[in-house]
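Novice: Quick one, model-v4.pdb (PDB, C-alpha atoms and all ligand atoms):
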```pdb
MODEL        1
ATOM      1  CA  MET A 896       0.000   0.000   0.000  1.00  0.00           C
ATOM      2  CA  LYS A 897       1.586   3.273  -1.012  1.00  0.00           C
ATOM      3  CA  LYS A 898       0.612   6.922  -0.730  1.00  0.00           C
ATOM      4  CA  ILE A 899      -0.113   8.536  -4.058  1.00  0.00           C
ATOM      5  CA  ASP A 900      -0.437  12.126  -5.172  1.00  0.00           C
ATOM      6  CA  ILE A 901      -4.093  13.152  -4.872  1.00  0.00           C
ATOM      7  CA  LYS A 902      -3.762  15.035  -8.169  1.00  0.00           C
ATOM      8  CA  THR A 903      -3.403  11.720 -10.004  1.00  0.00           C
ATOM      9  CA  LEU A 904      -7.036  10.990  -9.105  1.00  0.00           C
ATOM     10  CA  GLY A 905      -7.905  13.333 -11.944  1.00  0.00           C
ATOM     11  CA  ARG A 906      -6.964  10.472 -14.260  1.00  0.00           C
ATOM     12  CA  GLU A 907      -9.753   8.298 -12.889  1.00  0.00           C
ATOM     13  CA  ASP A 908     -13.074   8.315 -14.704  1.00  0.00           C
ATOM     14  CA  ALA A 909     -15.335   9.348 -11.811  1.00  0.00           C
ATOM     15  CA  PHE A 910     -18.503   8.162 -13.569  1.00  0.00           C
ATOM     16  CA  ASP A 911     -17.040   4.697 -13.935  1.00  0.00           C
ATOM     17  CA  LEU A 912     -15.179   4.689 -10.627  1.00  0.00           C
ATOM     18  CA  ILE A 913     -18.212   5.464  -8.491  1.00  0.00           C
ATOM     19  CA  GLY A 914     -21.188   4.660 -10.709  1.00  0.00           C
ATOM     20  CA  THR A 915     -19.984   1.349 -12.138  1.00  0.00           C
ATOM     21  CA  GLN A 916     -17.172   0.034  -9.952  1.00  0.00           C
ATOM     22  CA  TRP A 917     -18.894   1.219  -6.755  1.00  0.00           C
ATOM     23  CA  MET A 918     -17.106   2.011  -3.496  1.00  0.00           C
ATOM     24  CA  LEU A 919     -17.158   1.081   0.154  1.00  0.00           C
ATOM     25  CA  VAL A 920     -17.805   3.891   2.589  1.00  0.00           C
ATOM     26  CA  THR A 921     -16.219   2.917   5.897  1.00  0.00           C
ATOM     27  CA  ALA A 922     -16.434   4.880   9.132  1.00  0.00           C
ATOM     28  CA  GLY A 923     -15.329   4.119  12.658  1.00  0.00           C
ATOM     29  CA  THR A 924     -12.176   2.940  14.367  1.00  0.00           C
ATOM     30  CA  SER A 925     -10.414  -0.395  14.609  1.00  0.00           C
ATOM     31  CA  GLU A 926     -12.507  -1.152  17.707  1.00  0.00           C
ATOM     32  CA  GLN A 927     -15.814  -0.530  15.948  1.00  0.00           C
ATOM     33  CA  PHE A 928     -16.482   0.368  12.346  1.00  0.00           C
ATOM     34  CA  ASN A 929     -18.989  -0.321   9.606  1.00  0.00           C
ATOM     35  CA  MET A 930     -18.864  -0.259   5.834  1.00  0.00           C
ATOM     36  CA  MET A 931     -21.482  -0.060   3.108  1.00  0.00           C
ATOM     37  CA  THR A 932     -21.507   0.024  -0.652  1.00  0.00           C
ATOM     38  CA  ALA A 933     -22.239   3.304  -2.397  1.00  0.00           C
ATOM     39  CA  SER A 934     -22.536   4.156  -6.065  1.00  0.00           C
ATOM     40  CA  TRP A 935     -23.797   7.698  -5.811  1.00  0.00           C
ATOM     41  CA  GLY A 936     -21.342  10.499  -5.232  1.00  0.00           C
ATOM     42  CA  GLY A 937     -18.488  12.326  -6.821  1.00  0.00           C
ATOM     43  CA  ILE A 938     -14.993  13.648  -6.498  1.00  0.00           C
ATOM     44  CA  GLY A 939     -14.036  17.205  -7.298  1.00  0.00           C
ATOM     45  CA  TRP A 940     -12.656  20.505  -6.153  1.00  0.00           C
ATOM     46  CA  LEU A 941     -14.277  22.748  -3.569  1.00  0.00           C
ATOM     47  CA  TRP A 942     -13.047  25.420  -1.173  1.00  0.00           C
ATOM     48  CA  ASN A 943      -9.659  24.983  -2.875  1.00  0.00           C
ATOM     49  CA  LYS A 944      -9.463  21.418  -1.647  1.00  0.00           C
ATOM     50  CA  PRO A 945      -9.773  18.006  -3.264  1.00  0.00           C
ATOM     51  CA  VAL A 946     -13.114  16.699  -2.064  1.00  0.00           C
ATOM     52  CA  ALA A 947     -15.553  13.855  -2.398  1.00  0.00           C
ATOM     53  CA  PHE A 948     -19.274  14.030  -1.807  1.00  0.00           C
ATOM     54  CA  ILE A 949     -21.398  11.108  -0.769  1.00  0.00           C
ATOM     55  CA  PHE A 950     -25.106  10.558  -0.205  1.00  0.00           C
ATOM     56  CA  ILE A 951     -26.075   8.374   2.732  1.00  0.00           C
ATOM     57  CA  ARG A 952     -29.644   7.566   3.747  1.00  0.00           C
ATOM     58  CA  PRO A 953     -30.233   8.064   7.474  1.00  0.00           C
ATOM     59  CA  GLU A 954     -31.465   4.498   7.955  1.00  0.00           C
ATOM     60  CA  ARG A 955     -28.050   3.039   7.072  1.00  0.00           C
ATOM     61  CA  TYR A 956     -26.095   1.687  10.036  1.00  0.00           C
ATOM     62  CA  THR A 957     -23.035   3.314   8.457  1.00  0.00           C
ATOM     63  CA  HIS A 958     -24.769   6.685   8.861  1.00  0.00           C
ATOM     64  CA  GLU A 959     -24.370   6.355  12.650  1.00  0.00           C
ATOM     65  CA  PHE A 960     -20.652   5.728  12.257  1.00  0.00           C
ATOM     66  CA  ILE A 961     -20.202   8.643   9.875  1.00  0.00           C
ATOM     67  CA  GLU A 962     -21.988  10.896  12.354  1.00  0.00           C
ATOM     68  CA  ALA A 963     -19.894   9.690  15.287  1.00  0.00           C
ATOM     69  CA  ASN A 964     -16.494   9.971  13.601  1.00  0.00           C
ATOM     70  CA  GLU A 965     -14.464  12.768  12.081  1.00  0.00           C
ATOM     71  CA  ARG A 966     -13.096  10.657   9.241  1.00  0.00           C
ATOM     72  CA  LEU A 967     -14.201   8.063   6.727  1.00  0.00           C
ATOM     73  CA  THR A 968     -12.643   6.203   3.853  1.00  0.00           C
ATOM     74  CA  LEU A 969     -13.832   5.605   0.323  1.00  0.00           C
ATOM     75  CA  SER A 970     -12.306   2.464  -1.111  1.00  0.00           C
ATOM     76  CA  PHE A 971     -12.416   0.993  -4.612  1.00  0.00           C
ATOM     77  CA  TYR A 972     -11.977  -2.655  -5.575  1.00  0.00           C
ATOM     78  CA  PRO A 973     -11.020  -4.920  -8.426  1.00  0.00           C
ATOM     79  CA  GLU A 974     -13.823  -6.835 -10.107  1.00  0.00           C
ATOM     80  CA  ASP A 975     -13.063 -10.007  -8.123  1.00  0.00           C
ATOM     81  CA  CYS A 976     -14.426  -8.261  -4.994  1.00  0.00           C
ATOM     82  CA  ARG A 977     -17.832  -7.564  -6.572  1.00  0.00           C
ATOM     83  CA  LYS A 978     -19.545 -10.209  -4.409  1.00  0.00           C
ATOM     84  CA  ALA A 979     -18.255  -8.566  -1.229  1.00  0.00           C
ATOM     85  CA  LEU A 980     -19.527  -5.196  -2.435  1.00  0.00           C
ATOM     86  CA  GLN A 981     -22.887  -6.697  -3.293  1.00  0.00           C
ATOM     87  CA  LEU A 982     -23.144  -8.105   0.225  1.00  0.00           C
ATOM     88  CA  CYS A 983     -22.113  -4.819   1.844  1.00  0.00           C
ATOM     89  CA  GLY A 984     -24.790  -3.133  -0.258  1.00  0.00           C
ATOM     90  CA  THR A 985     -27.657  -5.442   0.574  1.00  0.00           C
ATOM     91  CA  LYS A 986     -27.089  -6.482   4.189  1.00  0.00           C
ATOM     92  CA  SER A 987     -26.801  -4.261   7.217  1.00  0.00           C
ATOM     93  CA  GLY A 988     -23.999  -4.345   9.747  1.00  0.00           C
ATOM     94  CA  ARG A 989     -26.813  -4.285  12.307  1.00  0.00           C
ATOM     95  CA  ASP A 990     -27.718  -7.844  11.265  1.00  0.00           C
ATOM     96  CA  ILE A 991     -24.501  -9.489  10.123  1.00  0.00           C
ATOM     97  CA  ASP A 992     -20.757  -9.326  10.675  1.00  0.00           C
ATOM     98  CA  LYS A 993     -19.711  -7.931   7.306  1.00  0.00           C
ATOM     99  CA  VAL A 994     -16.018  -8.618   7.851  1.00  0.00           C
ATOM    100  CA  ALA A 995     -16.667 -12.283   8.622  1.00  0.00           C
ATOM    101  CA  GLU A 996     -19.158 -12.681   5.753  1.00  0.00           C
ATOM    102  CA  THR A 997     -17.101 -10.965   3.074  1.00  0.00           C
ATOM    103  CA  GLY A 998     -13.639 -12.066   4.175  1.00  0.00           C
ATOM    104  CA  LEU A 999     -12.381  -8.515   3.645  1.00  0.00           C
ATOM    105  CA  ASN A1000      -9.350  -7.716   5.803  1.00  0.00           C
ATOM    106  CA  PRO A1001      -9.519  -4.412   7.679  1.00  0.00           C
ATOM    107  CA  VAL A1002      -6.438  -2.185   7.633  1.00  0.00           C
ATOM    108  CA  GLU A1003      -5.960   0.786   9.952  1.00  0.00           C
ATOM    109  CA  LEU A1004      -4.472   3.824   8.224  1.00  0.00           C
ATOM    110  CA  GLU A1005      -2.038   6.275   9.853  1.00  0.00           C
ATOM    111  CA  SER A1006      -5.006   8.558  10.512  1.00  0.00           C
ATOM    112  CA  GLY A1007      -6.828   5.789  12.399  1.00  0.00           C
ATOM    113  CA  ALA A1008      -9.422   5.413   9.623  1.00  0.00           C
ATOM    114  CA  ILE A1009     -10.233   1.945   8.306  1.00  0.00           C
ATOM    115  CA  THR A1010      -9.944   0.478   4.839  1.00  0.00           C
ATOM    116  CA  PHE A1011      -9.467  -3.064   3.514  1.00  0.00           C
ATOM    117  CA  LYS A1012      -6.443  -4.893   2.185  1.00  0.00           C
ATOM    118  CA  GLU A1013      -8.304  -6.017  -0.931  1.00  0.00           C
ATOM    119  CA  ALA A1014      -8.920  -2.452  -2.187  1.00  0.00           C
ATOM    120  CA  ARG A1015      -6.967  -1.103  -5.146  1.00  0.00           C
ATOM    121  CA  LEU A1016      -7.475   2.524  -4.131  1.00  0.00           C
ATOM    122  CA  THR A1017      -8.402   4.182  -0.830  1.00  0.00           C
ATOM    123  CA  LEU A1018      -9.248   7.800  -0.180  1.00  0.00           C
ATOM    124  CA  ASP A1019      -8.723   8.815   3.450  1.00  0.00           C
ATOM    125  CA  CYS A1020     -11.178  11.629   4.088  1.00  0.00           C
ATOM    126  CA  ARG A1021     -12.148  14.151   6.758  1.00  0.00           C
ATOM    127  CA  LYS A1022     -15.690  15.480   7.044  1.00  0.00           C
ATOM    128  CA  LEU A1023     -16.093  19.134   6.114  1.00  0.00           C
ATOM    129  CA  PHE A1024     -19.800  19.670   5.628  1.00  0.00           C
ATOM    130  CA  LYS A1025     -23.115  17.899   6.045  1.00  0.00           C
ATOM    131  CA  THR A1026     -26.631  18.735   5.052  1.00  0.00           C
ATOM    132  CA  ASP A1027     -29.835  16.707   4.917  1.00  0.00           C
ATOM    133  CA  MET A1028     -31.935  16.788   1.761  1.00  0.00           C
ATOM    134  CA  LYS A1029     -35.317  18.434   2.110  1.00  0.00           C
ATOM    135  CA  ALA A1030     -38.340  17.524  -0.012  1.00  0.00           C
ATOM    136  CA  GLU A1031     -39.092  21.165  -0.793  1.00  0.00           C
ATOM    137  CA  ASN A1032     -35.630  21.655  -2.287  1.00  0.00           C
ATOM    138  CA  PHE A1033     -36.243  19.241  -5.161  1.00  0.00           C
ATOM    139  CA  ILE A1034     -36.666  21.267  -8.324  1.00  0.00           C
ATOM    140  CA  ASP A1035     -37.425  18.131 -10.318  1.00  0.00           C
ATOM    141  CA  LYS A1036     -40.222  16.526  -8.283  1.00  0.00           C
ATOM    142  CA  ASP A1037     -40.037  13.361 -10.400  1.00  0.00           C
ATOM    143  CA  ILE A1038     -36.746  12.567  -8.676  1.00  0.00           C
ATOM    144  CA  LEU A1039     -38.382  12.992  -5.288  1.00  0.00           C
ATOM    145  CA  ALA A1040     -41.154  10.603  -6.286  1.00  0.00           C
ATOM    146  CA  ARG A1041     -38.882   8.052  -7.979  1.00  0.00           C
ATOM    147  CA  TRP A1042     -36.104   7.812  -5.397  1.00  0.00           C
ATOM    148  CA  TYR A1043     -37.804   8.786  -2.135  1.00  0.00           C
ATOM    149  CA  ASN A1044     -41.605   8.823  -1.896  1.00  0.00           C
ATOM    150  CA  ASP A1045     -42.126   5.660  -3.968  1.00  0.00           C
ATOM    151  CA  GLN A1046     -39.238   3.777  -2.408  1.00  0.00           C
ATOM    152  CA  PRO A1047     -39.642   1.754   0.773  1.00  0.00           C
ATOM    153  CA  GLY A1048     -36.888   2.775   3.181  1.00  0.00           C
ATOM    154  CA  GLY A1049     -36.224   5.740   0.951  1.00  0.00           C
ATOM    155  CA  GLY A1050     -35.162   8.312   3.524  1.00  0.00           C
ATOM    156  CA  LEU A1051     -33.882  11.614   2.203  1.00  0.00           C
ATOM    157  CA  HIS A1052     -30.101  11.399   1.990  1.00  0.00           C
ATOM    158  CA  SER A1053     -27.585  13.137   4.175  1.00  0.00           C
ATOM    159  CA  ILE A1054     -25.021  14.756   1.930  1.00  0.00           C
ATOM    160  CA  TYR A1055     -21.445  14.822   3.190  1.00  0.00           C
ATOM    161  CA  VAL A1056     -18.629  16.787   1.622  1.00  0.00           C
ATOM    162  CA  VAL A1057     -15.310  15.342   2.748  1.00  0.00           C
ATOM    163  CA  GLU A1058     -11.759  16.458   2.128  1.00  0.00           C
ATOM    164  CA  ILE A1059      -9.563  13.839   0.491  1.00  0.00           C
ATOM    165  CA  GLU A1060      -6.526  14.156   2.746  1.00  0.00           C
ATOM    166  CA  GLN A1061      -4.581  11.164   1.489  1.00  0.00           C
ATOM    167  CA  ALA A1062      -4.909   8.662  -1.339  1.00  0.00           C
ATOM    168  CA  TYR A1063      -3.422   5.148  -1.253  1.00  0.00           C
ATOM    169  CA  GLU A1064      -2.821   2.724  -4.073  1.00  0.00           C
ATOM    170  CA  HIS A1065      -2.902  -0.846  -2.755  1.00  0.00           C
ATOM    171  CA  ARG A1066      -1.729  -3.181  -5.431  1.00  0.00           C
ATOM    172  CA  LEU A1067      -0.510  -2.882  -8.964  1.00  0.00           C
ATOM    173  CA  ARG A1068      -2.684  -4.771 -11.416  1.00  0.00           C
TER
HETATM  174  C1  LIG B1101     -24.562  -0.808  -5.853  1.00  0.00           C
HETATM  175  C2  LIG B1101     -25.131  -0.194  -4.603  1.00  0.00           C
HETATM  176  C3  LIG B1101     -25.001   1.147  -4.393  1.00  0.00           C
HETATM  177  C4  LIG B1101     -25.513   1.766  -3.241  1.00  0.00           C
HETATM  178  N1  LIG B1101     -25.343   3.108  -3.061  1.00  0.00           N
HETATM  179  C5  LIG B1101     -25.823   3.698  -1.938  1.00  0.00           C
HETATM  180  C6  LIG B1101     -25.616   5.099  -1.723  1.00  0.00           C
HETATM  181  O1  LIG B1101     -24.945   5.806  -2.500  1.00  0.00           O
HETATM  182  N2  LIG B1101     -26.158   5.647  -0.605  1.00  0.00           N
HETATM  183  C7  LIG B1101     -26.883   4.906   0.306  1.00  0.00           C
HETATM  184  O2  LIG B1101     -27.368   5.461   1.317  1.00  0.00           O
HETATM  185  N3  LIG B1101     -27.065   3.571   0.122  1.00  0.00           N
HETATM  186  C8  LIG B1101     -26.531   2.952  -0.960  1.00  0.00           C
HETATM  187  N4  LIG B1101     -26.692   1.609  -1.135  1.00  0.00           N
HETATM  188  C9  LIG B1101     -27.402   0.815  -0.116  1.00  0.00           C
HETATM  189  C10 LIG B1101     -26.531   0.417   1.084  1.00  0.00           C
HETATM  190  O3  LIG B1101     -25.263  -0.047   0.671  1.00  0.00           O
HETATM  191  C11 LIG B1101     -27.251  -0.714   1.854  1.00  0.00           C
HETATM  192  O4  LIG B1101     -28.493  -0.243   2.350  1.00  0.00           O
HETATM  193  C12 LIG B1101     -26.419  -1.334   2.951  1.00  0.00           C
HETATM  194  O5  LIG B1101     -27.016  -2.567   3.310  1.00  0.00           O
HETATM  195  C13 LIG B1101     -26.296  -0.451   4.191  1.00  0.00           C
HETATM  196  O6  LIG B1101     -25.552  -1.142   5.141  1.00  0.00           O
HETATM  197  P1  LIG B1101     -25.460  -0.691   6.672  1.00  0.00           P
HETATM  198  O7  LIG B1101     -26.864  -0.706   7.242  1.00  0.00           O
HETATM  199  O8  LIG B1101     -24.570  -1.727   7.296  1.00  0.00           O
HETATM  200  O9  LIG B1101     -24.856   0.680   6.676  1.00  0.00           O
HETATM  201  C14 LIG B1101     -26.182   0.977  -2.277  1.00  0.00           C
HETATM  202  C15 LIG B1101     -26.315  -0.408  -2.487  1.00  0.00           C
HETATM  203  C16 LIG B1101     -25.794  -0.991  -3.630  1.00  0.00           C
HETATM  204  C17 LIG B1101     -25.921  -2.475  -3.831  1.00  0.00           C
ENDMDL
END
```
Would you kindly transcribe this structure into structure tokens?
Ligand SMILES: Cc1cc2nc3c(=O)[nH]c(=O)nc-3n(C[C@H](O)[C@H](O)[C@H](O)COP(=O)(O)O)c2cc1C

Specialist:
Amino acid sequence: MKKIDIKTLGREDAFDLIGTQWMLVTAGTSEQFNMMTASWGGIGWLWNKPVAFIFIRPERYTHEFIEANERLTLSFYPEDCRKALQLCGTKSGRDIDKVAETGLNPVELESGAITFKEARLTLDCRKLFKTDMKAENFIDKDILARWYNDQPGGGLHSIYVVEIEQAYEHRLR
């Protein structure tokens, strides 16, 4: 696992990276953490910092960990980890031991944040900003209907903007 220049992230195709490859959002410490799959979000530039933004529904167990901790990681995986990501995206850490079920190996970063050995890329992030979506702020009401009102368990997302403080490349493929 080696530190890489955050600027090289510009070479990643963010649509593919997040929307197709998916990521694990992990928050907590080595004593207690939780991870979940996410495929909505982005990476960019804000307040003169490299940032990521993620969208987490309040009913996720991971939401509690994000709220309780200053940092989180976003980690990206080779295709052979797809099953683990599927599991982390369909089961809750409230009900199962995701580490035991996926076989992913937690790694503690210098910052104390948690990622997994199997990742190919990890972004070690610090929370900067949070806001909760409000129904009245949807300009396109079809999105509100499609993704929230008509969806069981479709709580309005919390939006987190996090600073990417360090990026790690795990293994050369
Ligand atoms: C491909 C995929 C992408 C997902 N993206 C998100 C997302 O961006 N935000 C979110 O709140 N939930 C997302 N989910 C749902 C959570 O991963 C899922 O509810 C998970 O079981 C939550 O686990 P937890 O309760 O242990 O936090 C996604 C699920 C999948 C399969």

Novice: At most 6 Å is the cut-off: for each residue in chain A with any atom that close to an atom of ligand LIG 1101 (chain B), write down the nearest atom pair and the distance in Å rounded to one decimal, counting only C-alpha atoms and all ligand atoms, chain first then increasing number, as CSV.

Specialist:
```
residue,atom,partner,partner_atom,distance
A:Met931,CA,B:LIG1101,O3,4.5
A:Thr932,CA,B:LIG1101,O3,4.0
A:Ala933,CA,B:LIG1101,N1,3.2
A:Ser934,CA,B:LIG1101,C3,4.2
A:Trp935,CA,B:LIG1101,O1,4.0
A:Phe950,CA,B:LIG1101,N2,5.0
A:Ile951,CA,B:LIG1101,O2,3.5
A:Arg952,CA,B:LIG1101,O2,3.9
A:Arg955,CA,B:LIG1101,O7,3.9
A:Tyr956,CA,B:LIG1101,O9,3.7
A:Thr957,CA,B:LIG1101,O9,3.7
A:Gln981,CA,B:LIG1101,C17,5.2
A:Cys983,CA,B:LIG1101,O5,5.6
A:Gly984,CA,B:LIG1101,O3,3.3
A:Thr985,CA,B:LIG1101,O5,4.0
A:Lys986,CA,B:LIG1101,O5,4.0
A:Ser987,CA,B:LIG1101,O8,3.4
A:Gly988,CA,B:LIG1101,O8,3.6
```

Novice: Suppose we keep C-alpha atoms; can you now write the selection as an mmCIF file, keeping the file's coordinate frame?

Specialist:
```
data_model
loop_
_atom_site.group_PDB
_atom_site.id
_atom_site.type_symbol
_atom_site.label_atom_id
_atom_site.label_comp_id
_atom_site.auth_asym_id
_atom_site.auth_seq_id
_atom_site.Cartn_x
_atom_site.Cartn_y
_atom_site.Cartn_z
ATOM 1 C CA MET A 931 -21.482 -0.060 3.108
ATOM 2 C CA THR A 932 -21.507 0.024 -0.652
ATOM 3 C CA ALA A 933 -22.239 3.304 -2.397
ATOM 4 C CA SER A 934 -22.536 4.156 -6.065
ATOM 5 C CA TRP A 935 -23.797 7.698 -5.811
ATOM 6 C CA PHE A 950 -25.106 10.558 -0.205
ATOM 7 C CA ILE A 951 -26.075 8.374 2.732
ATOM 8 C CA ARG A 952 -29.644 7.566 3.747
ATOM 9 C CA ARG A 955 -28.050 3.039 7.072
ATOM 10 C CA TYR A 956 -26.095 1.687 10.036
ATOM 11 C CA THR A 957 -23.035 3.314 8.457
ATOM 12 C CA GLN A 981 -22.887 -6.697 -3.293
ATOM 13 C CA CYS A 983 -22.113 -4.819 1.844
ATOM 14 C CA GLY A 984 -24.790 -3.133 -0.258
ATOM 15 C CA THR A 985 -27.657 -5.442 0.574
ATOM 16 C CA LYS A 986 -27.089 -6.482 4.189
ATOM 17 C CA SER A 987 -26.801 -4.261 7.217
ATOM 18 C CA GLY A 988 -23.999 -4.345 9.747
#
```

Novice: Write out as JSON, numbers by chain which residues come within 7 Å of His1065 of chain A when counting all atoms listed in the file, dropping same-chain ones fewer than 6 positions away.

Specialist: {"A": [896, 897, 1014, 1015, 1016]}

Novice: Leaving out Leu967 of chain A and any residue of its chain fewer than 4 positions from it, which residues lie within 8 Å of it when counting all atoms listed in the file, given as an mmCIF file with C-alpha atoms, in the coordinates of the input?

Specialist:
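Full text of around.cif as output:
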```cif
data_model
loop_
_atom_site.group_PDB
_atom_site.id
_atom_site.type_symbol
_atom_site.label_atom_id
_atom_site.label_comp_id
_atom_site.auth_asym_id
_atom_site.auth_seq_id
_atom_site.Cartn_x
_atom_site.Cartn_y
_atom_site.Cartn_z
ATOM 1 C CA VAL A 920 -17.805 3.891 2.589
ATOM 2 C CA THR A 921 -16.219 2.917 5.897
ATOM 3 C CA ALA A 922 -16.434 4.880 9.132
ATOM 4 C CA GLY A 923 -15.329 4.119 12.658
ATOM 5 C CA ILE A 961 -20.202 8.643 9.875
ATOM 6 C CA ALA A 1008 -9.422 5.413 9.623
ATOM 7 C CA ILE A 1009 -10.233 1.945 8.306
ATOM 8 C CA ASP A 1019 -8.723 8.815 3.450
ATOM 9 C CA CYS A 1020 -11.178 11.629 4.088
ATOM 10 C CA ARG A 1021 -12.148 14.151 6.758
ATOM 11 C CA LYS A 1022 -15.690 15.480 7.044
#
```

Novice: For atom CA of Lys898 of chain A and atom CA of Ala963 of chain A, quote the distance in Å rounded to one decimal.

Specialist: 26.2 Å

Novice: Please determine, counting all atoms listed in the file, which residue among A:Lys1025, A:Lys1012, A:His958, A:Lys944 has the shortest atom-to-atom distance to Pro973 of chain A.

Specialist: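 Nearest to Pro973 of chain A: A:Lys1012.
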
Novice: Please measure the separation of atom CA of Gly939 of chain A and atom CA of His1052 of chain A, giving the value in Å to one decimal.

Specialist: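 So the answer is 19.4 Å.
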
Novice: Near Phe910 of chain A, counting only C-alpha atoms, which residues have an atom at most 10 Å away, once you skip same-chain residues fewer than 6 positions from it, shown as a PDB file with C-alpha atoms, in the coordinates of the input?

Specialist:
```pdb
ATOM      1  CA  GLN A 916     -17.172   0.034  -9.952  1.00  0.00           C
ATOM      2  CA  TRP A 917     -18.894   1.219  -6.755  1.00  0.00           C
ATOM      3  CA  SER A 934     -22.536   4.156  -6.065  1.00  0.00           C
ATOM      4  CA  TRP A 935     -23.797   7.698  -5.811  1.00  0.00           C
ATOM      5  CA  GLY A 936     -21.342  10.499  -5.232  1.00  0.00           C
ATOM      6  CA  GLY A 937     -18.488  12.326  -6.821  1.00  0.00           C
ATOM      7  CA  ILE A 938     -14.993  13.648  -6.498  1.00  0.00           C
TER       8      ILE A 938
END
```
